[in-house]
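Just structure.cif here, mmCIF, C-alpha atoms:
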data_upload
loop_
_atom_site.label_atom_id
_atom_site.label_comp_id
_atom_site.auth_asym_id
_atom_site.auth_seq_id
_atom_site.Cartn_x
_atom_site.Cartn_y
_atom_site.Cartn_z
CA MET A 1 0.00 0.00 0.00
CA SER A 2 1.45 3.34 -0.99
CA GLU A 3 1.77 6.25 1.38
CA ARG A 4 -0.88 8.12 -0.54
CA ASP A 5 -3.19 5.15 -0.32
CA ALA A 6 -2.77 5.08 3.45
CA GLU A 7 -3.48 8.80 3.66
CA TRP A 8 -6.61 8.50 1.54
CA ALA A 9 -7.82 5.56 3.61
CA ALA A 10 -7.33 7.58 6.79
CA LEU A 11 -9.25 10.51 5.32
CA MET A 12 -12.06 8.23 4.19
CA ARG A 13 -12.31 6.61 7.62
CA ALA A 14 -12.59 10.06 9.15
CA GLY A 15 -15.15 11.00 6.50
CA LEU A 16 -17.22 7.92 7.23
CA ALA A 17 -17.17 8.92 10.88
CA GLY A 18 -18.71 12.26 9.87
CA ASP A 19 -15.59 14.44 9.60
CA ARG A 20 -16.59 16.72 6.73
CA ALA A 21 -13.28 18.55 6.50
CA ALA A 22 -11.35 15.30 6.09
CA TYR A 23 -13.86 14.06 3.56
CA MET A 24 -13.63 17.28 1.55
CA ALA A 25 -9.82 17.03 1.64
CA LEU A 26 -10.04 13.48 0.31
CA LEU A 27 -12.34 14.45 -2.55
CA ALA A 28 -10.17 17.44 -3.39
CA GLN A 29 -7.12 15.16 -3.57
CA LEU A 30 -8.95 12.57 -5.64
CA ALA A 31 -10.33 14.98 -8.24
CA PRO A 32 -7.03 15.68 -10.09
CA VAL A 33 -6.16 11.97 -10.11
CA LEU A 34 -9.59 11.06 -11.42
CA ARG A 35 -9.22 13.80 -14.01
CA ALA A 36 -5.98 12.28 -15.26
CA ILE A 37 -7.62 8.85 -15.46
CA ALA A 38 -10.63 10.23 -17.33
CA ARG A 39 -8.55 12.24 -19.80
CA ARG A 40 -6.26 9.35 -20.56
CA GLY A 41 -9.18 6.96 -20.90
CA LEU A 42 -11.09 9.22 -23.27
CA LEU A 43 -8.00 9.87 -25.39
CA ARG A 44 -7.21 6.17 -25.58
CA ALA A 45 -10.72 5.52 -26.85
CA GLY A 46 -10.20 8.18 -29.48
CA MET A 47 -12.50 10.69 -27.83
CA ALA A 48 -11.91 14.31 -27.00
CA ALA A 49 -10.61 14.88 -23.50
CA GLN A 50 -12.96 17.80 -23.01
CA ASP A 51 -15.64 15.55 -21.54
CA ALA A 52 -13.26 14.42 -18.82
CA GLU A 53 -14.74 16.71 -16.19
CA ASP A 54 -18.17 15.14 -16.61
CA VAL A 55 -16.60 11.76 -15.92
CA VAL A 56 -14.73 13.15 -12.90
CA GLN A 57 -17.95 14.49 -11.39
CA GLU A 58 -19.84 11.26 -12.02
CA THR A 59 -17.01 9.33 -10.41
CA LEU A 60 -16.94 11.60 -7.36
CA LEU A 61 -20.70 11.14 -6.94
CA ALA A 62 -20.34 7.36 -7.25
CA ILE A 63 -17.51 7.29 -4.70
CA HIS A 64 -19.72 9.22 -2.31
CA LEU A 65 -22.97 7.32 -2.86
CA LYS A 66 -21.26 3.91 -2.79
CA ARG A 67 -18.81 4.57 0.02
CA GLN A 68 -20.42 1.87 2.13
CA THR A 69 -18.97 -0.69 -0.31
CA TRP A 70 -15.46 0.15 0.90
CA ARG A 71 -14.36 -1.55 4.08
CA PRO A 72 -12.17 0.48 6.42
CA ASP A 73 -9.71 -2.40 6.82
CA GLU A 74 -9.01 -2.64 3.09
CA PRO A 75 -6.65 -0.61 0.88
CA ILE A 76 -8.63 2.15 -0.80
CA GLY A 77 -6.64 2.41 -4.05
CA PRO A 78 -8.10 -0.63 -5.81
CA TRP A 79 -11.59 0.42 -4.75
CA ILE A 80 -11.25 3.92 -6.19
CA ARG A 81 -9.64 2.57 -9.32
CA ALA A 82 -12.48 0.09 -9.90
CA ILE A 83 -15.10 2.83 -9.53
CA ALA A 84 -13.16 5.13 -11.86
CA ARG A 85 -12.89 2.36 -14.43
CA ASN A 86 -16.60 1.63 -14.19
CA LYS A 87 -17.59 5.23 -14.68
CA LEU A 88 -15.21 5.54 -17.62
CA VAL A 89 -16.81 2.50 -19.25
CA ASP A 90 -20.24 4.08 -18.66
CA ALA A 91 -19.10 7.37 -20.15
CA LEU A 92 -17.71 5.70 -23.27
CA ARG A 93 -20.86 3.63 -23.66
CA LYS A 94 -22.98 6.73 -23.36
CA ARG A 95 -20.96 8.28 -26.16
CA GLY A 96 -21.50 5.29 -28.38
CA ARG A 97 -18.30 3.42 -27.68
CA ARG A 98 -19.16 -0.10 -26.68
CA GLY A 99 -16.90 -3.02 -26.03
CA ILE A 100 -13.77 -0.94 -25.84
CA GLU A 101 -11.04 -2.37 -23.68
CA VAL A 102 -10.76 0.07 -20.82
CA ASP A 103 -7.60 0.04 -18.84
CA VAL A 104 -7.05 2.15 -15.79
CA ASP A 105 -3.50 2.50 -14.65
CA ASP A 106 -2.42 1.94 -11.13
CA LEU A 107 -3.33 5.03 -9.17
CA SER A 108 0.18 5.38 -7.83
CA ASP A 109 1.44 5.81 -11.39
CA MET A 110 -1.07 8.49 -12.06
CA LEU A 111 0.09 12.08 -12.03
CA ALA A 112 -2.58 14.46 -10.96
CA ALA A 113 -4.00 16.65 -13.71
CA PRO A 114 -5.03 20.21 -12.94
CA PRO A 115 -8.35 21.37 -14.35
CA GLU A 116 -7.98 23.16 -17.62
CA ALA A 117 -8.97 26.79 -17.89
CA ASP A 118 -12.67 26.34 -18.32
CA ASP A 119 -13.40 22.68 -18.41
CA SER A 120 -13.83 22.14 -14.72
CA LEU A 121 -17.19 23.61 -15.56
CA THR A 122 -19.27 20.72 -16.81
CA ARG A 123 -22.31 20.77 -18.93
CA ASP A 124 -23.82 17.51 -17.68
CA VAL A 125 -24.12 18.22 -14.00
CA ALA A 126 -25.18 21.82 -14.59
CA ARG A 127 -27.86 20.73 -17.02
CA HIS A 128 -29.22 17.97 -14.80
CA LEU A 129 -29.33 20.27 -11.82
CA GLY A 130 -32.27 21.87 -13.59
CA ASP A 131 -34.09 18.52 -13.62
CA LEU A 132 -34.12 18.13 -9.86
CA SER A 133 -37.19 19.00 -7.88
CA GLU A 134 -37.34 22.66 -6.96
CA GLY A 135 -36.47 22.05 -3.31
CA GLN A 136 -33.54 19.77 -4.08
CA ARG A 137 -32.20 22.14 -6.69
CA GLN A 138 -32.32 25.12 -4.36
CA VAL A 139 -30.53 23.23 -1.60
CA VAL A 140 -27.81 21.79 -3.85
CA GLN A 141 -27.34 25.17 -5.50
CA ALA A 142 -27.06 27.03 -2.18
CA ILE A 143 -24.52 24.62 -0.72
CA ALA A 144 -22.49 23.88 -3.85
CA VAL A 145 -22.48 27.14 -5.75
CA ASP A 146 -23.07 29.74 -3.05
CA GLY A 147 -21.02 27.84 -0.49
CA ALA A 148 -23.69 28.14 2.19
CA SER A 149 -23.62 25.88 5.24
CA ILE A 150 -26.48 23.53 6.05
CA ARG A 151 -27.63 25.94 8.75
CA ASP A 152 -27.50 29.00 6.47
CA THR A 153 -29.35 27.11 3.78
CA ALA A 154 -32.03 26.10 6.24
CA ALA A 155 -32.47 29.70 7.37
CA ARG A 156 -32.48 31.03 3.84
CA LEU A 157 -35.01 28.54 2.50
CA LEU A 158 -37.12 28.45 5.69
CA MET A 159 -36.54 24.73 6.09
CA SER A 160 -35.38 22.66 9.06
CA GLU A 161 -31.74 21.54 8.98
CA GLY A 162 -32.93 17.94 8.81
CA ALA A 163 -35.02 18.73 5.75
CA VAL A 164 -32.02 20.41 4.12
CA ARG A 165 -29.88 17.34 4.77
CA VAL A 166 -32.50 15.04 3.28
CA ALA A 167 -32.97 17.28 0.23
CA LEU A 168 -29.21 17.47 -0.28
CA HIS A 169 -28.75 13.71 -0.08
CA ARG A 170 -31.71 12.98 -2.35
CA GLY A 171 -30.58 15.69 -4.74
CA LEU A 172 -27.11 14.15 -5.08
CA ALA A 173 -28.56 10.67 -5.54
CA ALA A 174 -31.00 11.98 -8.17
CA LEU A 175 -28.17 13.76 -9.94
CA ALA A 176 -26.17 10.53 -10.13
CA THR A 177 -29.20 8.66 -11.50
CA LYS A 178 -29.90 11.30 -14.14
CA LEU A 179 -26.27 11.41 -15.23
CA ARG A 180 -26.31 7.65 -15.66
CA GLU A 181 -29.60 7.32 -17.44
CA ARG A 182 -29.65 10.23 -19.84
CA PRO A 183 -27.78 9.62 -23.04
CA GLU A 184 -25.88 12.52 -24.51
CA MET B 185 -21.32 23.30 -11.92
CA LYS B 186 -17.64 23.29 -11.11
CA THR B 187 -16.02 20.23 -9.64
CA ASP B 188 -15.01 22.17 -6.53
CA GLU B 189 -18.63 23.12 -6.04
CA LEU B 190 -19.80 19.56 -6.39
CA ILE B 191 -17.18 18.48 -3.85
CA ARG B 192 -18.55 21.05 -1.42
CA ALA B 193 -22.07 19.64 -1.79
CA ILE B 194 -20.85 16.06 -1.43
CA ALA B 195 -18.83 16.87 1.68
CA ALA B 196 -21.86 18.58 3.24
CA ASP B 197 -23.72 15.27 2.79
CA ALA B 198 -21.01 13.33 4.65
CA THR B 199 -22.86 13.25 7.95
CA ALA B 200 -25.45 10.82 6.66
CA ALA B 201 -23.57 7.73 7.82
CA PRO B 202 -24.41 4.88 5.45
CA ALA B 203 -25.61 1.63 6.97
CA SER B 204 -23.25 -1.31 6.76
CA LEU B 205 -23.67 -3.15 3.47
CA GLN B 206 -23.22 -6.55 5.13
CA ARG B 207 -25.75 -5.87 7.84
CA TYR B 208 -28.34 -4.64 5.35
CA PHE B 209 -27.77 -7.69 3.17
CA ALA B 210 -28.07 -10.01 6.18
CA LEU B 211 -31.37 -8.39 7.13
CA LEU B 212 -32.85 -8.75 3.66
CA LEU B 213 -31.51 -12.30 3.35
CA ALA B 214 -33.37 -13.18 6.55
CA LEU B 215 -36.50 -11.59 5.10
CA ALA B 216 -35.97 -13.53 1.87
CA VAL B 217 -35.83 -16.85 3.74
CA THR B 218 -38.92 -15.86 5.73
CA ALA B 219 -40.79 -14.91 2.55
CA ALA B 220 -39.86 -18.25 0.97
CA ALA B 221 -41.00 -20.11 4.10
CA ILE B 222 -44.36 -18.33 4.11
CA ALA B 223 -44.94 -18.90 0.39
CA PHE B 224 -43.98 -22.55 0.81
CA TRP B 225 -46.33 -23.16 3.72
CA ILE B 226 -49.22 -21.46 1.97
CA LEU B 227 -48.68 -23.07 -1.44
CA LEU B 228 -47.37 -26.56 -0.67
CA GLY B 229 -46.20 -27.55 2.82
CA PRO B 230 -43.86 -30.47 3.54
CA ARG B 231 -44.82 -34.00 2.58
CA ASP B 232 -46.39 -36.16 5.30
CA ASN B 233 -43.37 -38.37 5.86
CA ALA B 234 -40.81 -35.56 5.66
CA LEU B 235 -39.48 -36.13 9.18
CA GLN B 236 -39.21 -39.90 8.80
CA SER B 237 -37.44 -39.35 5.47
CA LEU B 238 -34.54 -37.62 7.21
CA GLY B 239 -32.92 -41.03 7.55
CA GLU B 240 -32.95 -41.56 3.78
CA ILE B 241 -29.82 -40.54 1.98
CA ARG B 242 -31.56 -39.47 -1.25
CA PHE B 243 -33.94 -37.18 0.62
CA VAL B 244 -31.16 -35.57 2.64
CA PHE B 245 -28.99 -35.23 -0.47
CA LYS B 246 -31.55 -32.86 -2.01
CA PHE B 247 -30.94 -30.37 0.79
CA ILE B 248 -27.19 -30.79 0.57
CA VAL B 249 -27.33 -29.87 -3.11
CA THR B 250 -29.63 -26.86 -2.69
CA LEU B 251 -27.81 -25.46 0.34
CA ALA B 252 -24.43 -26.05 -1.31
CA LEU B 253 -25.73 -23.74 -4.01
CA ALA B 254 -27.24 -20.98 -1.87
CA VAL B 255 -24.39 -20.57 0.62
CA PRO B 256 -21.45 -20.12 -1.81
CA ALA B 257 -23.67 -17.92 -4.01
CA ILE B 258 -24.17 -15.62 -1.00
CA GLY B 259 -20.41 -15.44 -0.49
CA LEU B 260 -19.87 -14.70 -4.16
CA VAL B 261 -22.49 -11.99 -4.51
CA LEU B 262 -21.21 -10.12 -1.47
CA ARG B 263 -17.89 -9.80 -3.30
CA LEU B 264 -19.34 -9.00 -6.70
CA ILE B 265 -21.05 -5.88 -5.35
CA ARG B 266 -17.88 -4.32 -3.96
CA PRO B 267 -15.62 -2.52 -6.45
CA GLY B 268 -12.05 -3.72 -6.68
CA VAL B 269 -12.70 -6.92 -4.73
CA ASN B 270 -11.57 -10.11 -6.42
CA PRO B 271 -14.14 -12.88 -5.82
CA GLY B 272 -11.30 -15.40 -6.03
CA LEU B 273 -12.29 -18.87 -4.89
CA TRP B 274 -15.94 -17.92 -4.40
CA ARG B 275 -16.28 -18.08 -8.16
CA VAL B 276 -15.28 -21.73 -7.99
CA ALA B 277 -17.32 -22.40 -4.86
CA VAL B 278 -20.61 -21.99 -6.72
CA LEU B 279 -19.60 -25.05 -8.74
CA LEU B 280 -19.70 -27.13 -5.55
CA SER B 281 -23.40 -27.85 -5.91
CA PRO B 282 -23.33 -28.91 -9.58
CA GLY B 283 -20.26 -31.03 -8.75
CA LEU B 284 -22.02 -32.78 -5.88
CA LEU B 285 -25.07 -33.28 -8.05
CA ALA B 286 -22.99 -34.83 -10.83
CA LEU B 287 -21.50 -37.21 -8.26
CA GLY B 288 -24.99 -38.08 -6.98
CA VAL B 289 -26.17 -38.72 -10.53
CA ALA B 290 -23.21 -41.03 -11.19
CA LEU B 291 -23.88 -43.01 -8.00
CA GLU B 292 -27.60 -43.21 -8.81
CA LEU B 293 -26.89 -44.47 -12.31
CA ALA B 294 -24.65 -47.12 -10.81
CA ALA B 295 -27.21 -48.08 -8.18
CA LEU B 296 -30.27 -48.31 -10.42
CA PRO B 297 -30.81 -50.71 -13.32
CA SER B 298 -30.81 -48.75 -16.57
CA SER B 299 -34.45 -49.68 -17.18
CA SER B 300 -35.56 -47.49 -14.27
CA TRP B 301 -33.39 -44.42 -15.03
CA ARG B 302 -36.11 -42.84 -17.12
CA VAL B 303 -38.81 -43.25 -14.48
CA ALA B 304 -36.54 -41.85 -11.77
CA MET B 305 -35.64 -38.86 -13.91
CA ILE B 306 -39.16 -37.96 -14.99
CA GLY B 307 -40.58 -38.61 -11.54
CA SER B 308 -44.15 -37.67 -10.71
CA ASN B 309 -43.88 -34.03 -9.79
CA SER B 310 -41.83 -32.29 -12.48
CA LEU B 311 -44.39 -29.64 -13.39
CA VAL B 312 -45.03 -28.81 -9.76
CA CYS B 313 -41.28 -28.39 -9.34
CA LEU B 314 -40.96 -26.15 -12.40
CA THR B 315 -43.88 -24.01 -11.26
CA TYR B 316 -43.44 -23.74 -7.53
CA VAL B 317 -39.69 -23.37 -7.14
CA PRO B 318 -39.68 -20.16 -9.23
CA LEU B 319 -42.89 -19.04 -7.52
CA ILE B 320 -41.46 -19.54 -4.02
CA GLY B 321 -38.22 -17.87 -5.10
CA LEU B 322 -39.83 -14.77 -6.58
CA ALA B 323 -40.16 -12.67 -3.42
CA PRO B 324 -36.70 -13.72 -2.16
CA LEU B 325 -35.21 -12.66 -5.49
CA GLY B 326 -36.86 -9.26 -5.22
CA LEU B 327 -35.61 -8.77 -1.66
CA LEU B 328 -32.07 -9.82 -2.58
CA LEU B 329 -31.99 -7.44 -5.53
CA LEU B 330 -33.17 -4.69 -3.22
CA ALA B 331 -30.21 -5.42 -0.94
CA LEU B 332 -27.79 -5.48 -3.87
CA ARG B 333 -28.92 -2.04 -4.99
CA ARG B 334 -26.84 -0.68 -2.12
CA GLY B 335 -23.78 -2.25 -3.73
CA ALA B 336 -21.81 -1.33 -6.83
CA PRO B 337 -21.40 -4.39 -9.07
CA ALA B 338 -19.11 -4.04 -12.08
CA HIS B 339 -21.42 -6.44 -13.91
CA PRO B 340 -25.04 -5.85 -12.88
CA ALA B 341 -26.46 -8.77 -14.87
CA LEU B 342 -23.98 -11.20 -13.30
CA ALA B 343 -24.76 -9.99 -9.78
CA GLY B 344 -28.48 -10.34 -10.57
CA ALA B 345 -27.93 -13.87 -11.88
CA VAL B 346 -26.12 -14.87 -8.69
CA ALA B 347 -29.01 -13.39 -6.69
CA GLY B 348 -31.20 -15.73 -8.77
CA LEU B 349 -29.03 -18.68 -7.73
CA ILE B 350 -29.45 -17.72 -4.07
CA ALA B 351 -33.21 -17.32 -4.43
CA GLY B 352 -33.32 -20.61 -6.34
CA GLY B 353 -31.27 -22.40 -3.69
CA ILE B 354 -33.52 -21.10 -0.92
CA ALA B 355 -36.75 -21.92 -2.78
CA ALA B 356 -35.55 -25.38 -3.79
CA SER B 357 -34.50 -26.12 -0.19
CA PHE B 358 -38.08 -25.61 0.93
CA TYR B 359 -39.55 -27.32 -2.08
CA ALA B 360 -37.36 -30.38 -1.50
CA SER B 361 -39.27 -31.17 1.69
CA HIS B 362 -42.52 -31.29 -0.29
CA CYS B 363 -41.49 -33.15 -3.42
CA PRO B 364 -41.90 -36.96 -3.36
CA ASP B 365 -39.19 -37.42 -6.02
CA ASP B 366 -35.87 -37.95 -4.31
CA SER B 367 -33.70 -39.38 -7.08
CA PRO B 368 -30.64 -37.28 -7.98
CA LEU B 369 -31.70 -37.86 -11.59
CA PHE B 370 -34.90 -35.91 -10.94
CA VAL B 371 -33.06 -33.20 -9.03
CA ALA B 372 -30.46 -32.81 -11.78
CA VAL B 373 -33.07 -32.17 -14.44
CA TRP B 374 -35.98 -30.37 -12.83
CA TYR B 375 -34.39 -28.51 -9.92
CA SER B 376 -31.71 -27.25 -12.31
CA LEU B 377 -34.31 -26.02 -14.78
CA ALA B 378 -36.38 -24.35 -12.07
CA ILE B 379 -33.34 -22.61 -10.60
CA ALA B 380 -32.21 -21.62 -14.11
CA ILE B 381 -35.52 -19.77 -14.57
CA LEU B 382 -34.82 -17.69 -11.44
CA THR B 383 -31.22 -17.15 -12.52
CA ALA B 384 -32.27 -15.83 -15.92
CA LEU B 385 -34.87 -13.61 -14.30
CA GLY B 386 -32.27 -12.34 -11.85
CA ALA B 387 -29.87 -11.52 -14.69
CA ALA B 388 -32.57 -9.66 -16.63
CA LEU B 389 -33.70 -7.66 -13.61
CA GLY B 390 -30.15 -7.12 -12.40
CA SER B 391 -29.03 -5.53 -15.64
CA ARG B 392 -31.74 -2.89 -15.11
CA LEU B 393 -31.93 -2.50 -11.36
CA LEU B 394 -28.32 -2.89 -10.28
CA ARG B 395 -26.73 -0.23 -12.46
CA TRP B 396 -25.23 2.61 -10.49
#
Represent the supplied structure as structure tokens.
Amino acid sequence: MSERDAEWAALMRAGLAGDRAAYMALLAQLAPVLRAIARRGLLRAGMAAQDAEDVVQETLLAIHLKRQTWRPDEPIGPWIRAIARNKLVDALRKRGRRGIEVDVDDLSDMLAAPPEADDSLTRDVARHLGDLSEGQRQVVQAIAVDGASIRDTAARLLMSEGAVRVALHRGLAALATKLRERPE
Amino acid sequence: MKTDELIRAIAADATAAPASLQRYFALLLALAVTAAAIAFWILLGPRDNALQSLGEIRFVFKFIVTLALAVPAIGLVLRLIRPGVNPGLWRVAVLLSPGLLALGVALELAALPSSSWRVAMIGSNSLVCLTYVPLIGLAPLGLLLLALRRGAPAHPALAGAVAGLIAGGIAASFYASHCPDDSPLFVAVWYSLAIAILTALGAALGSRLLRW
């Protein structure tokens, strides 16, 4: 297990225990690595790398929504790599590339890729945000885009904090479903 | 939406501690067995001499075969739904039941005169078997697929098919106590077909329901 793997596993354990700062740090560290995987995968399949950010965001959502499939006593690298590979296969399929051999390199060989000027802005997630229910959209928007806390969001939207949490979770799950089901 | 923004939203959702996958599966497996038991008692019930038959090797062998299918299939599916986990020997373990059955068939062929093979194979209850094993296994299959939706299988149809094997193994275990046909020749043909129906159904449903 690499040092980075051990660090990610520690951050994920903290995240699973409810430590949001650790969890955010983990996701922020994963994003550039996932971006490198997505770009390389798309290029290898002969596709433009500009869709990479959509794949990165789908992968981050999958990591979050399926985090209960990782066991805290296991190395986290192979788990992340398998999810990244799966989401890459999905993305290629969605773009009409079936049956392509998809290879994801060992994460430790993967150099992080910074977001390119404008492409950390994705069309998919932004578009599907509009498909969420009004309440879910407002909550996700407030927390993601405006950077509001759960408490601020609750005050702003005249909701209880519990209701904000539920709307946020359902909103993220709905986003993942819409990203998966809607073809380009 | 920018990736940093999405990360902020995801991190804000981190407090919702997800329930343990294993525990949730165990709960729904228990419900699946209960559902099969209820369906079995309503639809069929055990045969009158079921308890006395426990001393007969052919009767007991039916349960060995069905349980040898369900148990390794449970071990396999729990690995198939976790990304990056190699199922390893569990893949081979699901062949235990067909292997045992093949052995039972060989011994039965040796024990019986060839003139009675046909009668033993066709038995008296084949249509009941083909109807009721899938029927008893239907609710368990649904419950197992519900549990697997929490997972992340790389191959949804495969995970669904293995759920079908589990449901089939559970249903056939109950059905075996009803069915008067105990010959391994009967089991090899009709139980296999009945379980194959649930397996195919599981694969079809899995490819739709288990995508993530």
For the point (-8.9, 9.2, 2.9) in the file's frame, write as a CSV table (one decimal) with C-alpha atoms, in the frame of the given file all residues with an atom no more than 10 Å away, counting all atoms listed in the file.
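Result saved to result_39.csv:
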chain,number,residue,atom,x,y,z
A,4,ARG,CA,-0.9,8.1,-0.5
A,5,ASP,CA,-3.2,5.2,-0.3
A,6,ALA,CA,-2.8,5.1,3.4
A,7,GLU,CA,-3.5,8.8,3.7
A,8,TRP,CA,-6.6,8.5,1.5
A,9,ALA,CA,-7.8,5.6,3.6
A,10,ALA,CA,-7.3,7.6,6.8
A,11,LEU,CA,-9.2,10.5,5.3
A,12,MET,CA,-12.1,8.2,4.2
A,13,ARG,CA,-12.3,6.6,7.6
A,14,ALA,CA,-12.6,10.1,9.2
A,15,GLY,CA,-15.2,11.0,6.5
A,16,LEU,CA,-17.2,7.9,7.2
A,22,ALA,CA,-11.4,15.3,6.1
A,23,TYR,CA,-13.9,14.1,3.6
A,24,MET,CA,-13.6,17.3,1.6
A,25,ALA,CA,-9.8,17.0,1.6
A,26,LEU,CA,-10.0,13.5,0.3
A,27,LEU,CA,-12.3,14.4,-2.6
A,29,GLN,CA,-7.1,15.2,-3.6
A,30,LEU,CA,-9.0,12.6,-5.6
A,72,PRO,CA,-12.2,0.5,6.4
A,76,ILE,CA,-8.6,2.2,-0.8
A,77,GLY,CA,-6.6,2.4,-4.0
* Within 9 Å of file point (-27.0, -16.2, -19.2), counting only C-alpha atoms, expressed as a ChimeraX atom specification -> /B:341-342,345,383-384,387-388
* Asked: Hey, what comes out of the PyMOL selection byres ((chain B) within 9 of (chain A)) on this file? Could you write it as number ranges by chain?
  -> B: 185-205, 265-269, 334-336, 338, 395-396
* To do: Have a look at atom CA of B:Gly348 and atom CA of B:Arg231 and let me know their distance in Å, one decimal.
  => 25.5 Å
List the residues matched by the PyMOL selection byres ((chain B and resi 382) around 12) in the displayed structure as a PDB file with C-alpha atoms, keeping the file's coordinate frame, ordered by chain and then by residue number.
ATOM      1  CA  LEU B 314     -40.960 -26.150 -12.400  1.00  0.00           C
ATOM      2  CA  THR B 315     -43.880 -24.010 -11.260  1.00  0.00           C
ATOM      3  CA  TYR B 316     -43.440 -23.740  -7.530  1.00  0.00           C
ATOM      4  CA  VAL B 317     -39.690 -23.370  -7.140  1.00  0.00           C
ATOM      5  CA  PRO B 318     -39.680 -20.160  -9.230  1.00  0.00           C
ATOM      6  CA  LEU B 319     -42.890 -19.040  -7.520  1.00  0.00           C
ATOM      7  CA  ILE B 320     -41.460 -19.540  -4.020  1.00  0.00           C
ATOM      8  CA  GLY B 321     -38.220 -17.870  -5.100  1.00  0.00           C
ATOM      9  CA  LEU B 322     -39.830 -14.770  -6.580  1.00  0.00           C
ATOM     10  CA  ALA B 323     -40.160 -12.670  -3.420  1.00  0.00           C
ATOM     11  CA  PRO B 324     -36.700 -13.720  -2.160  1.00  0.00           C
ATOM     12  CA  LEU B 325     -35.210 -12.660  -5.490  1.00  0.00           C
ATOM     13  CA  GLY B 326     -36.860  -9.260  -5.220  1.00  0.00           C
ATOM     14  CA  GLY B 344     -28.480 -10.340 -10.570  1.00  0.00           C
ATOM     15  CA  ALA B 345     -27.930 -13.870 -11.880  1.00  0.00           C
ATOM     16  CA  VAL B 346     -26.120 -14.870  -8.690  1.00  0.00           C
ATOM     17  CA  ALA B 347     -29.010 -13.390  -6.690  1.00  0.00           C
ATOM     18  CA  GLY B 348     -31.200 -15.730  -8.770  1.00  0.00           C
ATOM     19  CA  LEU B 349     -29.030 -18.680  -7.730  1.00  0.00           C
ATOM     20  CA  ILE B 350     -29.450 -17.720  -4.070  1.00  0.00           C
ATOM     21  CA  ALA B 351     -33.210 -17.320  -4.430  1.00  0.00           C
ATOM     22  CA  GLY B 352     -33.320 -20.610  -6.340  1.00  0.00           C
ATOM     23  CA  GLY B 353     -31.270 -22.400  -3.690  1.00  0.00           C
ATOM     24  CA  ILE B 354     -33.520 -21.100  -0.920  1.00  0.00           C
ATOM     25  CA  ALA B 355     -36.750 -21.920  -2.780  1.00  0.00           C
ATOM     26  CA  ALA B 356     -35.550 -25.380  -3.790  1.00  0.00           C
ATOM     27  CA  TYR B 375     -34.390 -28.510  -9.920  1.00  0.00           C
ATOM     28  CA  SER B 376     -31.710 -27.250 -12.310  1.00  0.00           C
ATOM     29  CA  LEU B 377     -34.310 -26.020 -14.780  1.00  0.00           C
ATOM     30  CA  ALA B 378     -36.380 -24.350 -12.070  1.00  0.00           C
ATOM     31  CA  ILE B 379     -33.340 -22.610 -10.600  1.00  0.00           C
ATOM     32  CA  ALA B 380     -32.210 -21.620 -14.110  1.00  0.00           C
ATOM     33  CA  ILE B 381     -35.520 -19.770 -14.570  1.00  0.00           C
ATOM     34  CA  THR B 383     -31.220 -17.150 -12.520  1.00  0.00           C
ATOM     35  CA  ALA B 384     -32.270 -15.830 -15.920  1.00  0.00           C
ATOM     36  CA  LEU B 385     -34.870 -13.610 -14.300  1.00  0.00           C
ATOM     37  CA  GLY B 386     -32.270 -12.340 -11.850  1.00  0.00           C
ATOM     38  CA  ALA B 387     -29.870 -11.520 -14.690  1.00  0.00           C
ATOM     39  CA  ALA B 388     -32.570  -9.660 -16.630  1.00  0.00           C
ATOM     40  CA  LEU B 389     -33.700  -7.660 -13.610  1.00  0.00           C
ATOM     41  CA  GLY B 390     -30.150  -7.120 -12.400  1.00  0.00           C
TER      42      GLY B 390
END
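For the atom pair formed by atom CA of A:Leu88 and atom CA of A:Ala174, the distance is 19.5 Å, given to one decimal.
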* Do you have the atom CA of B:Gly229-atom CA of B:His362 distance handy? -> 6.1 Å
